[in-house]
Amino acid sequence: MRIFNKRLNIKVAMVLVILVLNVPASANTTISLDNTIDTPDRTVTYQGKNYEVQDIGSYLLGQAVNISVNVTDIESFQLSLLDSDKEFLWNYMVYYTEGQVEVTMPGNVVTTPGTYAFAIFYQGDILVFKPVVFSRYELSVIPESTTVAPGATLHVTARVVPDDGQPMKVVLAKNSSSLEYAVNRTREGLYETEIKIPSSASGRFSLYAAMESEKTAQGYPELLGVSNCVIINITDSPRSAVPSTSFVHISMVIISVFFATLIFKKARC
């Protein structure tokens with residue numbers, strides 16, 4: 001397999017793609033990043049086509065991005081990073097892959113915080129789309145507990161460095177549904193909120209903190225920063241286990257033997 005990493009003028013890159021690729025594109029194409037946040041499922045529209053997004057990448061400015069690409073039915077393609085204005089910042093041409101490629105985008109590519117997107121181009125079309133946030137903020141979210149009952153209240157703490165007063169929220173998400181909560185600044189760098197869990201909620205949810213700008217990117221508010229993701233299990237409190245018949249029987253036998261031993265010892269004394 002031969003892979004060449006070049007910064008290309010987009011017109012030249014697209015000519016190469018059109019000339020080299022002749023095999024029909026497959027829908028089984030994925031982009032995986034080494035640091036992602038499970039966000040609410042949504043549809044992103046780009047150049048009149050819809051793409052399903054289930055998670056986003058999250059990195060600090062200056063961080064390199066490790067990318068894994070899986071494709072079927074095609075051997076060559078272009079991996080690109082686009083900004084919110086759909087301008088190309090980085091391109092990586094792949095030729096004659098056997099279906100999986102590991103790529104690292106250098107940390108010096110992105111110099112302005114905001115929401116970007118990785119995309120795989122094939123014959124001028126985008127096969128898959130992966131949003132990614134590059135931030136100058138270090139965010140973290142700390143729930144009081146990772147297990148909570150439906151209808152209960154969950155206390156959540158969020159931290160940010162640096163703290164320059166940008167609006168922040170915490171998001172509880174599962175599949176395409178999400179609940180957003182404003183946070184209160186309790187001291188510099190520290191924010192808190194109470195999440196009221198719906199009584200109908202059940203299962204595994206993703207909890208994270210996010211900072212948004214007034215701009216939009218791919219049809220949604222542009223993220224300036226996003227925290228780590230914590231899994232919250234919403235479930236009824238487990239009931240106390242009832243001992244099985246066999247366990248009760250064994251316990252009674254042990255107790256009987258114990259008392260019999262005591263009586264026997266006393267008789268001997």
# chains A, B, ... in the order shown; residues from 1 in each chain; ligands from 1
>>> select_by_dssp(residues="stretch 29-260 of chain A", states="alpha helix (DSSP H)", output="list in words")
Thr245, Ser246, Phe247, Val248, His249, Ile250, Ser251, Met252, Val253, Ile254, Ile255, Ser256, Val257, Phe258, Phe259 and Ala260 of chain A
>>> residues_around(residues="A:Asp164", least_positions_apart="6", cutoff="12 Å", atoms="only C-alpha atoms", output="PyMOL selection string")
chain A and resi 136-137+185+187-190+211
>>> select_by_dssp(residues="stretch 87-225 of chain A", states="strand (DSSP E or B)", output="PyMOL selection string")
chain A and resi 88-95+100-105+114-122+125-135+138-143+147-148+153-161+168-174+177-182+184-187+190-196+203-217+220-225
>>> residues_around(residues="A:Asp55", least_positions_apart="2", cutoff="9 Å", atoms="only C-alpha atoms", output="list in words")
Thr36, Ile37, Asp38, Thr39, Pro40, Asp41, Val53, Gly57, Lys130, Pro131 and Val132 of chain A
>>> write_last_selection(atoms="all heavy atoms", output="PDB file, in the first residue's frame")
ATOM      1  N   THR A  36     -13.430  11.449  20.904  1.00  0.00           N
ATOM      2  CA  THR A  36     -14.759  11.860  20.446  1.00  0.00           C
ATOM      3  C   THR A  36     -15.714  12.007  21.623  1.00  0.00           C
ATOM      4  O   THR A  36     -15.508  11.436  22.697  1.00  0.00           O
ATOM      5  CB  THR A  36     -15.350  10.847  19.454  1.00  0.00           C
ATOM      6  OG1 THR A  36     -15.420   9.558  20.071  1.00  0.00           O
ATOM      7  CG2 THR A  36     -14.513  10.769  18.191  1.00  0.00           C
ATOM      8  N   ILE A  37     -16.771  12.775  21.390  1.00  0.00           N
ATOM      9  CA  ILE A  37     -17.843  12.983  22.358  1.00  0.00           C
ATOM     10  C   ILE A  37     -19.140  12.475  21.735  1.00  0.00           C
ATOM     11  O   ILE A  37     -19.472  12.817  20.595  1.00  0.00           O
ATOM     12  CB  ILE A  37     -18.003  14.474  22.716  1.00  0.00           C
ATOM     13  CG1 ILE A  37     -16.683  15.035  23.247  1.00  0.00           C
ATOM     14  CG2 ILE A  37     -19.111  14.665  23.735  1.00  0.00           C
ATOM     15  CD1 ILE A  37     -16.182  14.390  24.504  1.00  0.00           C
ATOM     16  N   ASP A  38     -19.878  11.651  22.486  1.00  0.00           N
ATOM     17  CA  ASP A  38     -21.154  11.118  22.008  1.00  0.00           C
ATOM     18  C   ASP A  38     -22.215  12.205  22.127  1.00  0.00           C
ATOM     19  O   ASP A  38     -22.680  12.504  23.218  1.00  0.00           O
ATOM     20  CB  ASP A  38     -21.529   9.887  22.826  1.00  0.00           C
ATOM     21  CG  ASP A  38     -22.802   9.226  22.315  1.00  0.00           C
ATOM     22  OD1 ASP A  38     -23.210   9.526  21.184  1.00  0.00           O
ATOM     23  OD2 ASP A  38     -23.396   8.411  23.054  1.00  0.00           O
ATOM     24  N   THR A  39     -22.583  12.811  21.011  1.00  0.00           N
ATOM     25  CA  THR A  39     -23.540  13.917  20.994  1.00  0.00           C
ATOM     26  C   THR A  39     -24.896  13.431  20.477  1.00  0.00           C
ATOM     27  O   THR A  39     -25.002  12.320  19.937  1.00  0.00           O
ATOM     28  CB  THR A  39     -23.029  15.051  20.087  1.00  0.00           C
ATOM     29  OG1 THR A  39     -22.797  14.531  18.771  1.00  0.00           O
ATOM     30  CG2 THR A  39     -21.725  15.620  20.639  1.00  0.00           C
ATOM     31  N   PRO A  40     -25.953  14.243  20.617  1.00  0.00           N
ATOM     32  CA  PRO A  40     -27.248  13.847  20.054  1.00  0.00           C
ATOM     33  C   PRO A  40     -27.148  13.595  18.550  1.00  0.00           C
ATOM     34  O   PRO A  40     -26.480  14.351  17.825  1.00  0.00           O
ATOM     35  CB  PRO A  40     -28.146  15.056  20.346  1.00  0.00           C
ATOM     36  CG  PRO A  40     -27.503  15.739  21.503  1.00  0.00           C
ATOM     37  CD  PRO A  40     -26.039  15.529  21.341  1.00  0.00           C
ATOM     38  N   ASP A  41     -27.772  12.529  18.078  1.00  0.00           N
ATOM     39  CA  ASP A  41     -27.766  12.228  16.646  1.00  0.00           C
ATOM     40  C   ASP A  41     -28.438  13.370  15.887  1.00  0.00           C
ATOM     41  O   ASP A  41     -29.481  13.881  16.295  1.00  0.00           O
ATOM     42  CB  ASP A  41     -28.533  10.924  16.380  1.00  0.00           C
ATOM     43  CG  ASP A  41     -27.894   9.737  17.080  1.00  0.00           C
ATOM     44  OD1 ASP A  41     -26.769   9.879  17.595  1.00  0.00           O
ATOM     45  OD2 ASP A  41     -28.527   8.663  17.107  1.00  0.00           O
ATOM     46  N   VAL A  53     -24.764  12.388  11.829  1.00  0.00           N
ATOM     47  CA  VAL A  53     -23.661  12.606  12.764  1.00  0.00           C
ATOM     48  C   VAL A  53     -24.077  12.118  14.147  1.00  0.00           C
ATOM     49  O   VAL A  53     -25.120  12.522  14.669  1.00  0.00           O
ATOM     50  CB  VAL A  53     -23.281  14.099  12.829  1.00  0.00           C
ATOM     51  CG1 VAL A  53     -22.233  14.334  13.908  1.00  0.00           C
ATOM     52  CG2 VAL A  53     -22.789  14.573  11.474  1.00  0.00           C
ATOM     53  N   GLY A  57     -15.426  15.030  17.158  1.00  0.00           N
ATOM     54  CA  GLY A  57     -14.096  15.025  17.725  1.00  0.00           C
ATOM     55  C   GLY A  57     -13.902  16.221  18.638  1.00  0.00           C
ATOM     56  O   GLY A  57     -14.538  17.268  18.453  1.00  0.00           O
ATOM     57  N   LYS A 130     -17.310  14.119   9.464  1.00  0.00           N
ATOM     58  CA  LYS A 130     -17.095  14.000  10.912  1.00  0.00           C
ATOM     59  C   LYS A 130     -16.752  15.376  11.501  1.00  0.00           C
ATOM     60  O   LYS A 130     -15.640  15.875  11.319  1.00  0.00           O
ATOM     61  CB  LYS A 130     -15.959  13.028  11.195  1.00  0.00           C
ATOM     62  CG  LYS A 130     -15.585  12.923  12.677  1.00  0.00           C
ATOM     63  CD  LYS A 130     -16.596  12.109  13.468  1.00  0.00           C
ATOM     64  CE  LYS A 130     -16.491  10.644  13.127  1.00  0.00           C
ATOM     65  NZ  LYS A 130     -17.369   9.824  13.970  1.00  0.00           N
ATOM     66  N   PRO A 131     -17.691  16.020  12.218  1.00  0.00           N
ATOM     67  CA  PRO A 131     -17.383  17.311  12.848  1.00  0.00           C
ATOM     68  C   PRO A 131     -16.312  17.154  13.922  1.00  0.00           C
ATOM     69  O   PRO A 131     -16.203  16.109  14.576  1.00  0.00           O
ATOM     70  CB  PRO A 131     -18.723  17.722  13.468  1.00  0.00           C
ATOM     71  CG  PRO A 131     -19.750  16.930  12.726  1.00  0.00           C
ATOM     72  CD  PRO A 131     -19.086  15.641  12.400  1.00  0.00           C
ATOM     73  N   VAL A 132     -15.524  18.209  14.123  1.00  0.00           N
ATOM     74  CA  VAL A 132     -14.469  18.181  15.135  1.00  0.00           C
ATOM     75  C   VAL A 132     -14.292  19.590  15.693  1.00  0.00           C
ATOM     76  O   VAL A 132     -14.345  20.573  14.942  1.00  0.00           O
ATOM     77  CB  VAL A 132     -13.150  17.637  14.553  1.00  0.00           C
ATOM     78  CG1 VAL A 132     -12.710  18.440  13.336  1.00  0.00           C
ATOM     79  CG2 VAL A 132     -12.056  17.602  15.594  1.00  0.00           C
TER      80      VAL A 132
END
>>> atom_distance(atom1="atom CA of A:Val226", atom2="atom CA of A:Val71")
28.6 Å
>>> atom_distance(atom1="atom CA of A:Leu82", atom2="atom CA of A:Ser176")
24.7 Å
>>> closest_residue(among="A:Thr97, A:Glu75, A:Tyr51, A:Ile56", to="A:Tyr116", atoms="only C-alpha atoms")
A:Ile56
>>> residues_around(residues="A:Thr235", least_positions_apart="3", cutoff="9 Å", atoms="only C-alpha atoms", output="PyMOL selection string")
chain A and resi 147-150+201-204+238
>>> write_last_selection(atoms="N, CA and C atoms", output="PDB file, in the first residue's frame")
ATOM      1  N   THR A 147     -24.966   7.027  38.423  1.00  0.00           N
ATOM      2  CA  THR A 147     -26.217   6.261  38.413  1.00  0.00           C
ATOM      3  C   THR A 147     -27.280   7.075  39.125  1.00  0.00           C
ATOM      4  N   VAL A 148     -28.419   7.251  38.481  1.00  0.00           N
ATOM      5  CA  VAL A 148     -29.483   8.071  39.055  1.00  0.00           C
ATOM      6  C   VAL A 148     -30.829   7.479  38.661  1.00  0.00           C
ATOM      7  N   ALA A 149     -31.817   7.637  39.531  1.00  0.00           N
ATOM      8  CA  ALA A 149     -33.143   7.095  39.281  1.00  0.00           C
ATOM      9  C   ALA A 149     -33.992   8.062  38.466  1.00  0.00           C
ATOM     10  N   PRO A 150     -34.946   7.550  37.682  1.00  0.00           N
ATOM     11  CA  PRO A 150     -35.868   8.438  36.954  1.00  0.00           C
ATOM     12  C   PRO A 150     -36.609   9.346  37.932  1.00  0.00           C
ATOM     13  N   ALA A 201     -37.320   8.696  31.688  1.00  0.00           N
ATOM     14  CA  ALA A 201     -35.982   8.390  31.171  1.00  0.00           C
ATOM     15  C   ALA A 201     -35.486   7.052  31.693  1.00  0.00           C
ATOM     16  N   SER A 202     -34.721   6.360  30.841  1.00  0.00           N
ATOM     17  CA  SER A 202     -34.159   5.076  31.226  1.00  0.00           C
ATOM     18  C   SER A 202     -33.015   4.716  30.286  1.00  0.00           C
ATOM     19  N   GLY A 203     -31.959   4.123  30.806  1.00  0.00           N
ATOM     20  CA  GLY A 203     -30.864   3.652  29.968  1.00  0.00           C
ATOM     21  C   GLY A 203     -29.598   4.472  30.144  1.00  0.00           C
ATOM     22  N   ARG A 204     -28.689   4.349  29.160  1.00  0.00           N
ATOM     23  CA  ARG A 204     -27.388   5.027  29.196  1.00  0.00           C
ATOM     24  C   ARG A 204     -27.458   6.365  28.464  1.00  0.00           C
ATOM     25  N   PRO A 238     -31.929  -0.713  42.444  1.00  0.00           N
ATOM     26  CA  PRO A 238     -32.037  -2.179  42.482  1.00  0.00           C
ATOM     27  C   PRO A 238     -32.666  -2.653  43.781  1.00  0.00           C
TER      28      PRO A 238
END
